[in-house]
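One file, input.cif, carrying mmCIF, C-alpha atoms and all ligand atoms:
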```cif
data_structure
loop_
_atom_site.label_atom_id
_atom_site.label_comp_id
_atom_site.auth_asym_id
_atom_site.auth_seq_id
_atom_site.Cartn_x
_atom_site.Cartn_y
_atom_site.Cartn_z
CA MET A 1 120.41 92.15 76.37
CA SER A 2 123.34 92.72 78.69
CA GLU A 3 124.48 89.87 80.93
CA ASN A 4 124.33 92.28 83.86
CA PHE A 5 120.58 92.57 83.65
CA ILE A 6 118.67 91.33 86.65
CA LYS A 7 115.69 89.10 86.00
CA SER A 8 112.63 90.34 87.85
CA ARG A 9 109.02 89.27 88.14
CA ALA A 10 106.84 92.29 87.59
CA ALA A 11 103.21 93.20 86.96
CA VAL A 12 103.28 95.12 83.69
CA ALA A 13 100.54 97.58 82.71
CA TRP A 14 100.53 97.15 78.93
CA GLY A 15 97.66 99.54 78.30
CA PRO A 16 94.84 101.49 79.97
CA ASN A 17 92.18 99.32 81.57
CA GLU A 18 93.99 96.10 80.69
CA PRO A 19 94.61 93.68 83.55
CA LEU A 20 98.23 93.77 84.71
CA LYS A 21 100.28 90.95 83.23
CA ILE A 22 102.90 89.12 85.27
CA GLU A 23 106.09 89.07 83.24
CA GLU A 24 109.74 88.29 83.72
CA ILE A 25 111.40 91.59 82.86
CA ASP A 26 115.06 92.65 82.61
CA VAL A 27 116.17 95.30 85.08
CA MET A 28 119.36 97.22 84.29
CA PRO A 29 121.84 97.67 87.14
CA PRO A 30 121.82 101.05 88.88
CA LYS A 31 123.77 103.87 87.24
CA LYS A 32 125.49 106.80 88.96
CA GLY A 33 123.40 108.09 91.88
CA GLU A 34 120.94 105.19 91.56
CA VAL A 35 120.02 102.22 93.72
CA LEU A 36 118.66 98.75 92.98
CA VAL A 37 116.01 97.78 95.53
CA ARG A 38 114.46 94.36 96.14
CA ILE A 39 110.84 95.05 96.96
CA VAL A 40 109.57 92.97 99.88
CA ALA A 41 105.98 94.24 99.90
CA THR A 42 103.82 96.87 98.27
CA GLY A 43 100.40 98.29 98.95
CA VAL A 44 97.97 99.03 96.14
CA CYS A 45 96.75 102.64 96.28
CA HIS A 46 93.79 104.14 94.47
CA THR A 47 96.25 106.23 92.46
CA ASP A 48 97.56 103.04 90.84
CA ALA A 49 94.00 102.25 89.73
CA PHE A 50 93.53 105.85 88.59
CA THR A 51 96.57 105.68 86.33
CA LEU A 52 95.62 102.24 85.04
CA SER A 53 92.18 103.61 84.14
CA GLY A 54 93.76 105.93 81.57
CA GLU A 55 92.55 109.06 83.41
CA ASP A 56 96.02 110.18 84.49
CA PRO A 57 97.49 112.81 82.13
CA GLU A 58 100.90 111.43 83.10
CA GLY A 59 99.93 107.78 82.61
CA ILE A 60 102.39 106.04 80.31
CA PHE A 61 102.21 102.49 78.97
CA PRO A 62 103.74 99.97 79.08
CA SER A 63 104.85 100.63 82.61
CA VAL A 64 105.37 99.04 85.99
CA LEU A 65 102.96 100.71 88.42
CA GLY A 66 103.11 100.71 92.24
CA HIS A 67 104.37 103.40 94.59
CA GLU A 68 103.62 102.21 98.15
CA GLY A 69 106.47 99.82 98.80
CA GLY A 70 109.10 98.67 101.21
CA GLY A 71 112.32 96.97 100.22
CA ILE A 72 115.97 96.20 100.78
CA VAL A 73 118.92 97.77 98.98
CA GLU A 74 120.48 95.16 96.70
CA GLN A 75 123.08 97.20 94.76
CA VAL A 76 124.23 100.81 94.74
CA GLY A 77 125.46 102.78 91.75
CA GLU A 78 128.54 104.98 91.59
CA GLY A 79 128.64 107.82 94.10
CA VAL A 80 125.78 106.60 96.28
CA THR A 81 126.61 107.33 99.91
CA SER A 82 123.37 107.67 101.88
CA VAL A 83 122.26 104.04 101.60
CA ALA A 84 124.18 100.76 101.51
CA VAL A 85 123.47 97.17 100.53
CA GLY A 86 121.13 95.61 103.09
CA ASP A 87 119.52 98.85 104.23
CA HIS A 88 115.74 98.84 104.54
CA VAL A 89 114.15 101.56 102.45
CA ILE A 90 110.82 103.06 101.50
CA PRO A 91 110.65 104.35 97.90
CA LEU A 92 109.56 107.98 97.62
CA TYR A 93 107.43 109.37 94.81
CA THR A 94 108.31 112.77 96.18
CA ALA A 95 112.11 112.86 96.29
CA GLU A 96 114.11 115.05 98.66
CA CYS A 97 117.37 116.38 97.23
CA GLY A 98 117.81 119.05 99.91
CA GLU A 99 119.32 121.39 97.33
CA CYS A 100 116.63 122.57 94.90
CA LYS A 101 114.65 125.79 95.31
CA PHE A 102 111.69 123.79 96.60
CA CYS A 103 113.67 121.84 99.21
CA LYS A 104 115.42 125.00 100.38
CA SER A 105 112.22 127.05 100.56
CA GLY A 106 111.08 125.51 103.81
CA LYS A 107 107.56 125.90 102.39
CA THR A 108 106.95 122.60 100.58
CA ASN A 109 107.89 118.94 100.34
CA LEU A 110 107.60 119.01 96.53
CA CYS A 111 111.28 118.53 95.61
CA GLN A 112 111.62 119.04 91.87
CA ALA A 113 115.08 117.53 91.33
CA VAL A 114 113.82 114.47 89.43
CA ARG A 115 110.15 115.40 88.94
CA ALA A 116 110.30 116.19 85.20
CA THR A 117 111.82 112.88 84.11
CA GLN A 118 109.76 111.01 86.73
CA GLY A 119 106.58 112.31 85.11
CA LYS A 120 107.75 110.89 81.79
CA GLY A 121 108.34 107.44 83.28
CA LEU A 122 112.11 107.79 83.07
CA MET A 123 115.15 107.90 85.34
CA PRO A 124 116.87 111.29 85.75
CA ASP A 125 119.20 110.60 82.78
CA GLY A 126 116.14 110.28 80.53
CA THR A 127 116.28 106.50 80.06
CA THR A 128 114.49 103.50 81.54
CA ARG A 129 115.96 100.58 83.50
CA PHE A 130 113.18 98.14 82.57
CA TYR A 131 112.92 96.02 79.42
CA LYS A 132 110.79 93.13 78.24
CA ASP A 133 112.38 91.21 75.35
CA GLY A 134 114.29 94.35 74.44
CA GLN A 135 111.21 96.61 74.53
CA PRO A 136 111.48 99.52 76.97
CA ILE A 137 109.01 99.50 79.86
CA TYR A 138 108.42 102.80 81.70
CA HIS A 139 108.82 103.61 85.37
CA TYR A 140 105.89 104.97 87.42
CA MET A 141 105.96 107.81 89.95
CA GLY A 142 109.68 107.13 90.24
CA CYS A 143 108.95 103.96 92.22
CA SER A 144 107.53 101.02 90.20
CA THR A 145 107.03 98.84 93.25
CA PHE A 146 105.01 96.20 91.39
CA SER A 147 108.35 94.62 90.46
CA GLU A 148 110.52 92.32 92.53
CA TYR A 149 113.48 94.56 91.66
CA THR A 150 113.30 98.26 90.86
CA VAL A 151 115.77 101.10 90.39
CA LEU A 152 115.40 104.53 92.02
CA PRO A 153 117.47 107.65 92.39
CA GLU A 154 119.24 107.73 95.76
CA ILE A 155 117.30 110.89 96.63
CA SER A 156 114.05 108.93 96.26
CA LEU A 157 114.74 106.54 99.13
CA ALA A 158 114.02 106.90 102.83
CA LYS A 159 116.25 104.66 104.95
CA VAL A 160 114.21 103.23 107.80
CA ASN A 161 114.74 101.18 110.95
CA LYS A 162 115.32 97.49 110.14
CA GLU A 163 113.12 96.55 113.08
CA ALA A 164 110.07 97.82 111.22
CA PRO A 165 108.23 95.09 109.28
CA LEU A 166 108.36 96.09 105.62
CA LYS A 167 105.08 94.23 105.03
CA GLU A 168 103.43 96.88 107.22
CA VAL A 169 105.48 100.06 106.88
CA CYS A 170 105.21 99.85 103.09
CA LEU A 171 101.89 101.64 103.71
CA LEU A 172 103.88 104.64 104.88
CA GLY A 173 105.18 104.97 101.31
CA CYS A 174 101.90 106.62 100.42
CA GLY A 175 98.47 106.16 102.00
CA VAL A 176 98.97 106.39 105.73
CA THR A 177 101.62 109.11 105.60
CA THR A 178 99.46 111.11 103.19
CA GLY A 179 96.30 111.05 105.31
CA MET A 180 98.03 111.66 108.64
CA GLY A 181 100.31 114.31 107.14
CA ALA A 182 97.43 116.17 105.50
CA VAL A 183 95.90 116.69 108.94
CA LEU A 184 99.05 117.24 110.99
CA ASN A 185 101.35 119.07 108.54
CA THR A 186 99.16 120.67 105.91
CA ALA A 187 96.07 121.69 107.88
CA LYS A 188 97.82 121.68 111.27
CA VAL A 189 94.63 120.67 113.06
CA GLU A 190 94.72 121.54 116.75
CA LYS A 191 93.17 120.20 119.94
CA GLY A 192 89.43 120.84 120.03
CA ASP A 193 89.04 121.50 116.28
CA THR A 194 86.19 119.97 114.31
CA VAL A 195 87.00 117.93 111.22
CA ALA A 196 85.07 116.36 108.32
CA ILE A 197 86.72 113.62 106.27
CA PHE A 198 85.17 112.70 102.92
CA GLY A 199 86.03 109.19 101.72
CA LEU A 200 87.01 106.48 104.20
CA GLY A 201 89.51 104.45 102.19
CA GLY A 202 93.18 104.16 103.11
CA ILE A 203 93.68 107.91 102.90
CA GLY A 204 90.56 109.04 104.75
CA LEU A 205 91.05 106.52 107.56
CA SER A 206 94.62 107.74 107.97
CA ALA A 207 93.31 111.29 108.14
CA ILE A 208 91.08 110.10 111.00
CA ILE A 209 94.19 108.83 112.81
CA GLY A 210 95.85 112.22 112.26
CA ALA A 211 92.79 114.05 113.57
CA ARG A 212 92.70 111.81 116.62
CA MET A 213 96.41 112.43 117.28
CA ALA A 214 95.81 116.18 116.96
CA GLY A 215 93.05 115.99 119.58
CA ALA A 216 90.16 117.01 117.32
CA SER A 217 86.92 117.24 119.28
CA ARG A 218 84.67 116.05 116.48
CA ILE A 219 85.74 113.81 113.57
CA ILE A 220 82.96 113.31 111.03
CA GLY A 221 83.59 110.54 108.50
CA ILE A 222 81.57 110.62 105.28
CA ASP A 223 81.29 107.74 102.81
CA ILE A 224 78.69 106.25 100.48
CA ASN A 225 79.80 102.75 101.56
CA ASP A 226 78.50 101.92 105.06
CA ARG A 227 80.98 99.04 105.30
CA LYS A 228 83.73 101.61 105.95
CA PHE A 229 82.07 102.92 109.11
CA ASP A 230 83.11 100.32 111.73
CA LEU A 231 86.81 100.82 111.16
CA ALA A 232 86.35 104.59 110.93
CA LYS A 233 84.76 104.58 114.38
CA GLN A 234 87.41 102.22 115.74
CA LEU A 235 90.12 104.62 114.57
CA GLY A 236 88.49 107.67 116.14
CA ALA A 237 85.58 109.01 114.07
CA THR A 238 82.98 110.48 116.40
CA ASP A 239 80.26 110.49 113.70
CA VAL A 240 79.91 108.54 110.44
CA ILE A 241 77.39 109.59 107.82
CA ASN A 242 76.29 108.42 104.40
CA PRO A 243 75.18 111.24 102.04
CA ASN A 244 72.62 108.86 100.52
CA ASP A 245 70.73 108.80 103.85
CA PHE A 246 69.82 112.50 103.63
CA ASP A 247 67.49 114.43 101.39
CA LYS A 248 69.57 117.60 101.49
CA PRO A 249 73.15 118.29 100.36
CA ILE A 250 75.70 116.76 102.69
CA GLN A 251 77.44 120.10 103.24
CA GLU A 252 74.20 121.47 104.71
CA VAL A 253 73.90 118.40 106.94
CA ILE A 254 77.41 118.97 108.28
CA VAL A 255 76.89 122.73 108.76
CA ASP A 256 73.77 121.91 110.82
CA MET A 257 75.62 119.26 112.84
CA THR A 258 78.47 121.60 113.76
CA ASP A 259 76.93 124.98 114.53
CA GLY A 260 77.98 126.58 111.25
CA GLY A 261 80.55 124.23 109.76
CA VAL A 262 83.80 122.43 110.54
CA ASP A 263 87.18 123.99 111.14
CA TYR A 264 88.82 121.63 108.64
CA SER A 265 87.69 119.25 105.94
CA PHE A 266 89.57 116.75 103.79
CA GLU A 267 88.58 115.32 100.40
CA CYS A 268 90.02 111.81 100.12
CA ILE A 269 88.20 110.53 97.02
CA GLY A 270 89.20 112.42 93.85
CA ASN A 271 85.65 113.57 93.03
CA VAL A 272 85.38 117.24 92.07
CA ASN A 273 81.74 117.44 93.23
CA VAL A 274 82.73 116.16 96.65
CA MET A 275 85.61 118.65 96.71
CA ARG A 276 82.95 121.37 96.50
CA GLN A 277 80.92 119.77 99.28
CA ALA A 278 84.05 119.59 101.41
CA LEU A 279 84.78 123.28 100.95
CA GLU A 280 81.21 124.33 101.57
CA CYS A 281 80.87 122.39 104.84
CA CYS A 282 83.64 124.56 106.33
CA HIS A 283 82.89 127.30 108.83
CA LYS A 284 82.45 130.82 107.52
CA GLY A 285 85.38 133.08 108.31
CA TRP A 286 88.07 130.45 108.91
CA GLY A 287 87.23 126.90 107.75
CA GLU A 288 89.90 125.25 105.60
CA SER A 289 89.38 122.43 103.12
CA VAL A 290 92.28 120.28 101.97
CA ILE A 291 92.11 118.38 98.68
CA ILE A 292 93.95 115.06 98.80
CA GLY A 293 92.02 113.08 96.15
CA VAL A 294 93.34 112.97 92.60
CA ALA A 295 90.81 113.89 89.90
CA GLY A 296 90.88 112.68 86.32
CA ALA A 297 92.21 114.49 83.27
CA GLY A 298 90.20 117.57 82.30
CA GLN A 299 88.19 117.78 85.53
CA GLU A 300 87.92 121.09 87.34
CA ILE A 301 86.68 122.31 90.72
CA SER A 302 84.11 125.05 91.17
CA THR A 303 82.30 126.93 93.90
CA ARG A 304 80.86 130.40 94.38
CA PRO A 305 83.83 132.74 94.90
CA PHE A 306 81.75 134.12 97.78
CA GLN A 307 82.68 130.95 99.68
CA LEU A 308 86.30 132.15 99.66
CA VAL A 309 85.48 135.84 100.03
CA THR A 310 83.77 134.91 103.27
CA GLY A 311 86.88 133.33 104.69
CA ARG A 312 86.95 129.70 103.69
CA VAL A 313 90.29 128.45 102.39
CA TRP A 314 90.86 125.83 99.69
CA ARG A 315 94.19 124.05 99.51
CA GLY A 316 95.77 120.73 98.57
CA THR A 317 98.51 118.39 99.67
CA ALA A 318 100.80 115.75 98.22
CA PHE A 319 102.26 112.98 100.41
CA GLY A 320 100.83 114.83 103.39
CA GLY A 321 103.44 117.54 103.08
CA VAL A 322 106.03 115.08 104.38
CA LYS A 323 109.68 115.38 103.32
CA GLY A 324 110.45 111.75 102.72
CA ARG A 325 114.13 111.33 103.49
CA SER A 326 114.27 113.59 106.53
CA GLU A 327 110.84 112.93 108.05
CA LEU A 328 109.62 109.46 107.05
CA PRO A 329 112.19 107.57 109.18
CA GLY A 330 110.76 109.39 112.22
CA ILE A 331 107.22 108.38 111.29
CA VAL A 332 108.41 104.76 111.13
CA GLU A 333 109.80 105.23 114.67
CA GLN A 334 106.42 106.59 115.79
CA TYR A 335 104.84 103.43 114.39
CA LEU A 336 107.35 101.24 116.22
CA ALA A 337 106.58 103.18 119.41
CA GLY A 338 102.91 102.26 119.02
CA GLU A 339 101.64 105.78 118.34
CA PHE A 340 99.41 104.51 115.52
CA GLY A 341 98.54 101.21 113.90
CA LEU A 342 98.95 99.87 110.38
CA GLN A 343 97.68 96.31 110.62
CA GLU A 344 94.05 97.39 110.63
CA PHE A 345 94.52 98.87 107.16
CA ILE A 346 95.70 95.57 105.69
CA THR A 347 92.44 93.86 104.81
CA HIS A 348 94.04 91.53 102.24
CA THR A 349 97.49 90.11 101.52
CA MET A 350 98.35 88.30 98.33
CA SER A 351 101.11 87.27 95.95
CA LEU A 352 102.10 89.26 92.87
CA ASP A 353 100.25 86.71 90.72
CA GLU A 354 97.00 87.79 92.38
CA ILE A 355 97.52 91.54 91.97
CA ASN A 356 94.53 92.08 89.68
CA GLU A 357 92.32 90.84 92.51
CA ALA A 358 93.62 93.75 94.61
CA PHE A 359 92.24 96.18 92.03
CA GLU A 360 88.90 94.35 91.95
CA LEU A 361 88.59 94.42 95.74
CA MET A 362 89.30 98.16 95.70
CA HIS A 363 86.76 98.86 92.97
CA ASN A 364 84.14 96.79 94.80
CA GLY A 365 84.75 98.71 98.02
CA GLU A 366 85.81 95.52 99.82
CA SER A 367 89.36 96.41 100.79
CA ILE A 368 91.16 99.19 102.61
CA ARG A 369 94.63 98.10 101.56
CA SER A 370 95.74 94.96 99.78
CA VAL A 371 99.42 94.30 100.35
CA ILE A 372 101.38 92.27 97.81
CA HIS A 373 104.11 90.05 99.26
CA PHE A 374 106.99 89.16 96.92
P1 LIG A 401 89.90 104.23 98.21
O1 LIG A 401 89.30 103.78 96.95
O2 LIG A 401 90.48 103.22 99.13
O3 LIG A 401 88.86 105.10 99.06
C1 LIG A 401 87.97 106.01 98.51
C2 LIG A 401 86.72 106.04 99.39
O4 LIG A 401 85.86 107.07 98.90
C3 LIG A 401 85.93 104.75 99.37
O5 LIG A 401 85.68 104.31 100.69
C4 LIG A 401 84.64 105.13 98.65
O6 LIG A 401 83.51 104.39 99.10
C5 LIG A 401 84.52 106.60 98.99
N1 LIG A 401 83.68 107.37 98.07
C6 LIG A 401 83.61 107.26 96.73
N2 LIG A 401 82.73 108.17 96.23
C7 LIG A 401 82.26 108.86 97.28
C8 LIG A 401 81.31 109.93 97.41
N3 LIG A 401 80.72 110.46 96.36
N4 LIG A 401 81.05 110.41 98.66
C9 LIG A 401 81.66 109.87 99.75
N5 LIG A 401 82.55 108.84 99.67
C10 LIG A 401 82.84 108.35 98.46
O7 LIG A 401 91.05 105.29 97.80
P2 LIG A 401 92.35 105.77 98.60
O8 LIG A 401 93.49 104.86 98.28
O9 LIG A 401 91.98 106.03 99.99
O10 LIG A 401 92.65 107.14 97.81
C11 LIG A 401 91.73 108.20 97.90
C12 LIG A 401 92.12 109.31 96.94
O11 LIG A 401 93.35 109.92 97.37
C13 LIG A 401 92.37 108.87 95.51
O12 LIG A 401 91.93 109.88 94.64
C14 LIG A 401 93.90 108.78 95.44
O13 LIG A 401 94.35 108.91 94.11
C15 LIG A 401 94.26 109.98 96.28
N6 LIG A 401 95.60 110.02 96.86
C16 LIG A 401 96.21 111.23 96.90
C17 LIG A 401 97.44 111.36 97.50
C18 LIG A 401 98.12 112.68 97.59
O14 LIG A 401 99.30 112.73 97.92
N7 LIG A 401 97.43 113.78 97.33
C19 LIG A 401 98.08 110.22 98.03
C20 LIG A 401 97.41 109.00 97.96
C21 LIG A 401 96.16 108.90 97.38
N1 LIG A 402 99.83 112.63 87.55
C1 LIG A 402 98.61 113.31 87.91
C2 LIG A 402 98.55 113.76 89.33
C3 LIG A 402 98.70 112.63 90.31
C4 LIG A 402 98.91 113.20 91.69
O1 LIG A 402 98.32 114.21 92.05
N2 LIG A 402 99.73 112.54 92.46
C5 LIG A 402 99.93 112.92 93.85
C6 LIG A 402 100.29 111.70 94.60
S1 LIG A 402 99.02 110.50 94.55
C7 LIG A 402 99.72 109.25 95.41
O2 LIG A 402 98.85 108.24 95.54
C8 LIG A 402 101.15 113.84 94.01
O3 LIG A 402 101.98 113.72 94.88
N3 LIG A 402 101.23 114.81 93.21
C9 LIG A 402 102.34 115.73 93.23
C10 LIG A 402 103.29 115.40 92.13
O4 LIG A 402 104.34 116.04 92.03
O5 LIG A 402 103.01 114.47 91.37
C11 LIG A 402 98.30 114.45 86.97
O6 LIG A 402 97.21 115.02 87.11
O7 LIG A 402 99.13 114.71 86.08
ZN ZN A 403 99.22 106.50 96.58
#
```
Can you dump the structure from the file as structure tokens?
Amino acid sequence: MSENFIKSRAAVAWGPNEPLKIEEIDVMPPKKGEVLVRIVATGVCHTDAFTLSGEDPEGIFPSVLGHEGGGIVEQVGEGVTSVAVGDHVIPLYTAECGECKFCKSGKTNLCQAVRATQGKGLMPDGTTRFYKDGQPIYHYMGCSTFSEYTVLPEISLAKVNKEAPLKEVCLLGCGVTTGMGAVLNTAKVEKGDTVAIFGLGGIGLSAIIGARMAGASRIIGIDINDRKFDLAKQLGATDVINPNDFDKPIQEVIVDMTDGGVDYSFECIGNVNVMRQALECCHKGWGESVIIGVAGAGQEISTRPFQLVTGRVWRGTAFGGVKGRSELPGIVEQYLAGEFGLQEFITHTMSLDEINEAFELMHNGESIRSVIHF
């Protein structure tokens, strides 16, 4: 291997459902348009667990997972101008090139400039920067934050205020931005609206924050784990309900509670049956349901088309509709200004060596976010 390789401790996913293995890997220096980032902290999102489970059609092994990080620019490749060594950055799984049809449309945050290679676990030139004893290791969601050092395209980095603690704002790399953005950008909830949020993990709780910021009059949190309810109420939920406490479908319960249904609902679980419940608890004529959760390979949603004929709307969102490079730095400023909190999401902190515990805590419903400190 080249002498220029950087040694990096990383949690490698060698195969579906196998515990991550801490390895010393070789990281190639950044090529043209690329940046080497030293990750300071990373959250563990349910999507990491989803891909590790083998349910992700784009899951590739061996790979370095992780996509909710914060780090510091260590080296820049040829031609990189928008970030410099020492800058604090948040890796973006949704890049922003500013030039593609998607970026120019003004209708979506789903920049496609690097999406095809990203989905194959590769850098835009079709190769990887990670090796273990000469064996290629794949990238993940263009981020691979479960490594001390990672390489990203320049267009996949948001430069943020150095005052912001990376051990907290790493959560803006996915979960908190996604939930808040789904409410504020995608649904555009307004003052006085009623909202139902299914699933009170990192995403659902962030959606509660978004609904509170929007001035929603009623914020109904739904989860099958009662332990999520205290924090949900603290963050602004007006009602918290457990579907297992009722002997009728939860959508009927919500329709009864809200004089015909909510104005907006959000599915933050990845369960296609709950996606149906979320649609069907919306008000006839105008209620909108936003799918945030990621469902496994081969799964499909269904409802009676009459639900849509009679005015309900079904839509989805990725990264809360947020354009990472142009909008995420402003969200970091909002955090610094005290407009919302992040510390309450961090139920556990741990070292990279303990990362498998983060997955266990998530599966056992004990954590909101575990943050790995490098
Ligand atoms: P999480 O595991 O922290 O939270 C999920 C919550 O759902 C838990 O509190 C769990 O108890 C609850 N739940 C499970 N089954 C339920 C049911 N049948 N009814 C009600 N509640 C139920 O997960 P998270 O990190 O918050 O992620 C949530 C989902 O959002 C995942 O599918 C993740 O992949 C997805 N996600 C999507 C995006 C996006 O951009 N669209 C971004 C991040 C995460
Ligand atoms: N790879 C999966 C889909 C996974 C997915 O939907 N990812 C979300 C982000 S989840 C973050 O925790 C997303 O942004 N999707 C848009 C995109 O371009 O990937 C599959 O089904 O193939
Ligand atoms: Zn995520």
Check: For the atom pair atom CA of A:Ala95 and atom C2 of ligand LIG 402 (chain A), what is the interatomic distance in Å to one decimal place?
Finding: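 Going from atom CA of A:Ala95 over to atom C2 of ligand LIG 402 (chain A), I get 15.3 Å.
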With 12 Å as the cut-off and all atoms listed in the file counted, what is the closest atom pair between each nearby residue of stretch 248-351 of chain A and stretch 211-217 of chain A? Distances in Å to one decimal, ordered by chain and number, as CSV.
```
residue,atom,partner,partner_atom,distance
A:Thr258,CA,A:Ser217,CA,11.0
A:Val262,CA,A:Ser217,CA,10.6
A:Asp263,CA,A:Ala216,CA,9.8
A:Tyr264,CA,A:Ala211,CA,9.9
A:Ser265,CA,A:Ala211,CA,10.5
A:Phe266,CA,A:Ala211,CA,10.6
A:Gln334,CA,A:Met213,CA,11.7
A:Glu339,CA,A:Met213,CA,8.5
A:Phe340,CA,A:Met213,CA,8.7
A:Gly341,CA,A:Met213,CA,11.9
```
Item checked: Exercise: A:Ala49 partners within 9 Å, only C-alpha atoms, chain neighbours under 6 positions left out, as a list in words -> Asn17, Phe359, Met362 and His363 of chain A
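Between atom CA of A:Val176 and atom CA of A:Val40 the separation is 18.1 Å.
The space between atom CA of A:Gly199 and atom CA of A:Ile222 spans 5.9 Å.
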Notebook entry, point to check: Between A:Gly173, A:Gly298, A:Pro29, A:Gly121, which is the closest to ligand LIG 401 (chain A) once you count only C-alpha atoms and all ligand atoms?
Noted result: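 Comparing A:Gly173, A:Gly298, A:Pro29, A:Gly121 against ligand LIG 401 (chain A), the winner is A:Gly173.
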Notebook entry, point to check: Hey, which residues come within 7 Å of ligand ZN 403 (chain A) if we count all atoms listed in the file? Could you give them as a list in words?
Noted result: Cys45, His46, Thr47, Asp48, His67, Glu68, Cys174 and Gly175 of chain A
Around ligand LIG 401 (chain A), which protein and nucleic acid residues have at least one atom no more than 6 Å from it, if we count all atoms listed in the file? List them as a compact mmCIF listing (two decimals) with C-alpha atoms, in the coordinates of the input.
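Here's the written file part-v4.txt:
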```txt
# COMPACT_ATOMS: atom_id res chain seq x y z
CA CYS A 45 96.75 102.64 96.28
CA HIS A 46 93.79 104.14 94.47
CA THR A 47 96.25 106.23 92.46
CA CYS A 174 101.90 106.62 100.42
CA GLY A 175 98.47 106.16 102.00
CA THR A 178 99.46 111.11 103.19
CA PHE A 198 85.17 112.70 102.92
CA GLY A 199 86.03 109.19 101.72
CA LEU A 200 87.01 106.48 104.20
CA GLY A 201 89.51 104.45 102.19
CA GLY A 202 93.18 104.16 103.11
CA ILE A 203 93.68 107.91 102.90
CA GLY A 204 90.56 109.04 104.75
CA ILE A 222 81.57 110.62 105.28
CA ASP A 223 81.29 107.74 102.81
CA ILE A 224 78.69 106.25 100.48
CA ASN A 225 79.80 102.75 101.56
CA CYS A 268 90.02 111.81 100.12
CA ILE A 269 88.20 110.53 97.02
CA GLY A 270 89.20 112.42 93.85
CA ILE A 292 93.95 115.06 98.80
CA GLY A 293 92.02 113.08 96.15
CA VAL A 294 93.34 112.97 92.60
CA THR A 317 98.51 118.39 99.67
CA ALA A 318 100.80 115.75 98.22
CA PHE A 319 102.26 112.98 100.41
CA MET A 362 89.30 98.16 95.70
CA GLY A 365 84.75 98.71 98.02
CA ILE A 368 91.16 99.19 102.61
```
Check: So which one's closest to A:Lys120, A:Lys31, A:His139, A:Lys7, A:Arg369? Using all atoms listed in the file, please.
Finding: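 Closest to A:Lys120, using all atoms listed in the file: A:His139.
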Item checked: Proximity to ligand LIG 402 (chain A) - best of A:Gln299, A:Ser63, A:Gln343, A:Thr150, only C-alpha atoms and all ligand atoms ->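 The closest residue to ligand LIG 402 (chain A) is A:Gln299.
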Within 12 Å of A:Val114 using only C-alpha atoms, minus same-chain residues under 2 positions, as a CSV table (one decimal) with C-alpha atoms, in the coordinates of the input:
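Result went into result20.csv, see below:
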```
chain,number,residue,atom,x,y,z
A,33,GLY,CA,123.4,108.1,91.9
A,34,GLU,CA,120.9,105.2,91.6
A,92,LEU,CA,109.6,108.0,97.6
A,93,TYR,CA,107.4,109.4,94.8
A,94,THR,CA,108.3,112.8,96.2
A,95,ALA,CA,112.1,112.9,96.3
A,96,GLU,CA,114.1,115.0,98.7
A,97,CYS,CA,117.4,116.4,97.2
A,99,GLU,CA,119.3,121.4,97.3
A,100,CYS,CA,116.6,122.6,94.9
A,102,PHE,CA,111.7,123.8,96.6
A,110,LEU,CA,107.6,119.0,96.5
A,111,CYS,CA,111.3,118.5,95.6
A,112,GLN,CA,111.6,119.0,91.9
A,116,ALA,CA,110.3,116.2,85.2
A,117,THR,CA,111.8,112.9,84.1
A,118,GLN,CA,109.8,111.0,86.7
A,119,GLY,CA,106.6,112.3,85.1
A,120,LYS,CA,107.8,110.9,81.8
A,121,GLY,CA,108.3,107.4,83.3
A,122,LEU,CA,112.1,107.8,83.1
A,123,MET,CA,115.2,107.9,85.3
A,124,PRO,CA,116.9,111.3,85.8
A,125,ASP,CA,119.2,110.6,82.8
A,126,GLY,CA,116.1,110.3,80.5
A,141,MET,CA,106.0,107.8,90.0
A,142,GLY,CA,109.7,107.1,90.2
A,143,CYS,CA,109.0,104.0,92.2
A,152,LEU,CA,115.4,104.5,92.0
A,153,PRO,CA,117.5,107.6,92.4
A,154,GLU,CA,119.2,107.7,95.8
A,155,ILE,CA,117.3,110.9,96.6
A,156,SER,CA,114.0,108.9,96.3
```
Please determine an axis-aligned box that encloses all atoms of ligand LIG 402 (chain A) listed in the file, with 6 Å added on each side, and express its centre and edge lengths in Å to one decimal as JSON.
```
{"center_x": 100.8, "center_y": 112.1, "center_z": 90.8, "size_x": 19.1, "size_y": 19.8, "size_z": 21.5}
```
Notebook entry, point to check: Smallest atom-to-atom distance to ligand LIG 402 (chain A): which of A:Pro16, A:Gly59, A:Gly69, A:Gly261, using only C-alpha atoms and all ligand atoms?
Noted result: A:Gly59
Checklist line | Pick from A:Val64, A:Leu328, A:Cys170, A:Cys282, whichever lies nearest to A:Trp314 using only C-alpha atoms | finding: A:Cys282
Notebook entry, point to check: Which residue gives the smallest distance to A:Val290 among A:Thr186, A:Thr177, A:Ser367, A:Asn109, with all atoms listed in the file counted?
Noted result: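 So, comparing all the options, the nearest one is A:Thr186.
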Which neighbours of A:Ala41 fall inside 9 Å, counting only C-alpha atoms, when residues of the same chain fewer than 3 positions from it are skipped, and could you give them as a short mmCIF file (atom, residue, chain, number, x, y, z; two decimals) with C-alpha atoms, keeping the file's coordinate frame?
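around35.cif was written with the following content:
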```
data_model
loop_
_atom_site.label_atom_id
_atom_site.label_comp_id
_atom_site.auth_asym_id
_atom_site.auth_seq_id
_atom_site.Cartn_x
_atom_site.Cartn_y
_atom_site.Cartn_z
CA GLU A 68 103.62 102.21 98.15
CA GLY A 69 106.47 99.82 98.80
CA GLY A 70 109.10 98.67 101.21
CA GLY A 71 112.32 96.97 100.22
CA THR A 145 107.03 98.84 93.25
CA PHE A 146 105.01 96.20 91.39
CA GLU A 148 110.52 92.32 92.53
CA LEU A 166 108.36 96.09 105.62
CA LYS A 167 105.08 94.23 105.03
CA GLU A 168 103.43 96.88 107.22
CA CYS A 170 105.21 99.85 103.09
CA VAL A 371 99.42 94.30 100.35
CA ILE A 372 101.38 92.27 97.81
CA HIS A 373 104.11 90.05 99.26
CA PHE A 374 106.99 89.16 96.92
#
```
